[in-house]
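So the structure is just underneath, and the comments pick up after that.
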Amino acid sequence: MTTGLARPRPAPAAEGAEVITVASGGFVPDLLEEVRVEPVELELAPQAGGANKFVDNGGAVLQVTQLYLIYWGNAWTANPPPTPTSGQIANASRTMMASSYLTGLAQYRGIGRGFLRGSAVVTASNPPNGFTDNQVATFLDGQLNAGTVPGPDVDNQTLYCIVMPQGVNSSSASFIGEHTFYTRSGQRIRFAWITNNGTLSRITTIISHEVVEAATDPEGSAFLGVAGTCSQSGWCEIGDICSTTSTLDGVTVQSYWSDQAGSCVVPAWPARTYPRVGVQWRGSVPARSSRRWFTFNWPEWELVDWRMLPTSVRPGAPQLSWRVALERAAGNFLTYWITVTNLTDQDVAFEGRYCVLGRI
Amino acid sequence: MITGTQFRGTLAPNQTQRWFTFNWPATQHVIWEVVPNTARPGAAEVDWDVALERADDAHVTYWITISNLTNASVQIEARYAIAA
């Protein structure tokens, strides 16, 4: 099956060409041998010391959160349109999910960034003022049944976030946002609701809070505070003891607790230069055979290109080809599996070189 | 360097599927990487091949063939970097 997609790009700055080595025909590689390569670029995060405030209770987490926004009520299509509009909230949420905001969750079982999966405006009903969790769950279930909102992704990493019209509040007036779940045909449906005071910064603050908490504790069974961490009742989660906000890529987000830093954080990108090149490992491949290496703990938010450069000088014919495969070991971490094939009748030594092209 | 995510999709167990993306300026040097969005530690999940079509004087179409190397569904995203 072929799928077409189009996105015009800006005009190029320079011409370029890439030569791809292709294995010669009639050659069957030997059995693969896997070789583990220690990470060169892995950075250790600073440790604050002291006991952690949050512990892993082993329950489900969202490794790659797929945020789906649902705007409930005909106020979202009013003329003139509300402030902020559904489009503004979606754009800000997309930016937030792609930013460095969620990278600090790697300390919690490797959780990584997510993305905005989509959004929908539902005007067939209006949320009652003084709504309850059950009413929100019933509304969401109805949309899933009707097909107006897509079902969870195959890995059930979807977080549905119902955005209320301005002035519609929860039955618990002190709560301005919440995340929880319900069970649908045996599957846990993770959702959040957020209230709306008419300002984009307030809305993204609440969304960010619910996203980090749902990622680390979607069902109240994963990362929870030790006794005495929170003063409130209910699930004690990493957003609950932090109230400061910061702006990332123009979007206001709320800080969350980092056990690693021992403080509330809004992570920024580390200072790194791009492109950045290096030799990840050196190896050799016997004549007419293949070997496979893997190299792990590469952050998912960088794009890496690989080259296998022969160091055995032998002019006249191609010596090596290679294939790159990828594993998402955890939300934040990639493992590269690189199969190197020797196309010659003699052993070939080489360097496994990488080029970190940039941040995604 | 300009980077981004061009598309996302899901592959069935052991499925190979081809996408194409068009209207890319022929003068650009674009590098592609396909990243699983399904976190599943222990083994490689996907690999990919890139083929090129010169659609007209000014534009190329990238044909990206992605293979799921596992016995379970894998979600993916195709990322690009425009080197120049």
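Identifiers in the structure tokens: chain A, B, ... in order shown; residue index from 1 per chain; ligand index from 1 in order shown.
Once Ala83 of chain B and its same-chain neighbours fewer than 4 positions away are set aside, Met1, His29 and Val30 of chain B remain within 7 Å of it when counting only C-alpha atoms.
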Residues from last step as file, C-alpha atoms, as an mmCIF file, in the first residue's frame:
```
data_model
loop_
_atom_site.group_PDB
_atom_site.id
_atom_site.type_symbol
_atom_site.label_atom_id
_atom_site.label_comp_id
_atom_site.auth_asym_id
_atom_site.auth_seq_id
_atom_site.Cartn_x
_atom_site.Cartn_y
_atom_site.Cartn_z
ATOM 1 C CA MET B 1 19.452 22.667 9.814
ATOM 2 C CA HIS B 29 19.771 17.243 0.647
ATOM 3 C CA VAL B 30 17.253 15.483 2.855
#
```
**OP:** Within segment 120-327 of chain A, find each residue whose DSSP state, derived from the backbone, is helix (DSSP H, G or I), and express the selection as a PyMOL selection string.
**Re:** chain A and resi 133-146+200-216
Subject >> Interface residues on chain B facing chain A, 9 Å, only C-alpha atoms, written as a PyMOL selection string >> reply: chain B and resi 1-7+10+16-49+63+69+73-75+79-84
Original post:
Hey, what does DSSP flag as strand (DSSP E) within segment 132-333 of chain A? Can you give it to me as number ranges by chain?
Top reply: A: 158-163, 177-184, 187-194, 223-225, 245-248, 251-254, 256-258, 263-265, 276-285, 290-299, 302-310, 320-330, 333
Subject >> Long-range neighbours of Ile89 of chain A as a PyMOL selection string, 9 Å cut-off, only C-alpha atoms, 4 positions minimum in chain >> reply: chain A and resi 69+84-85+93-94+200+203-204
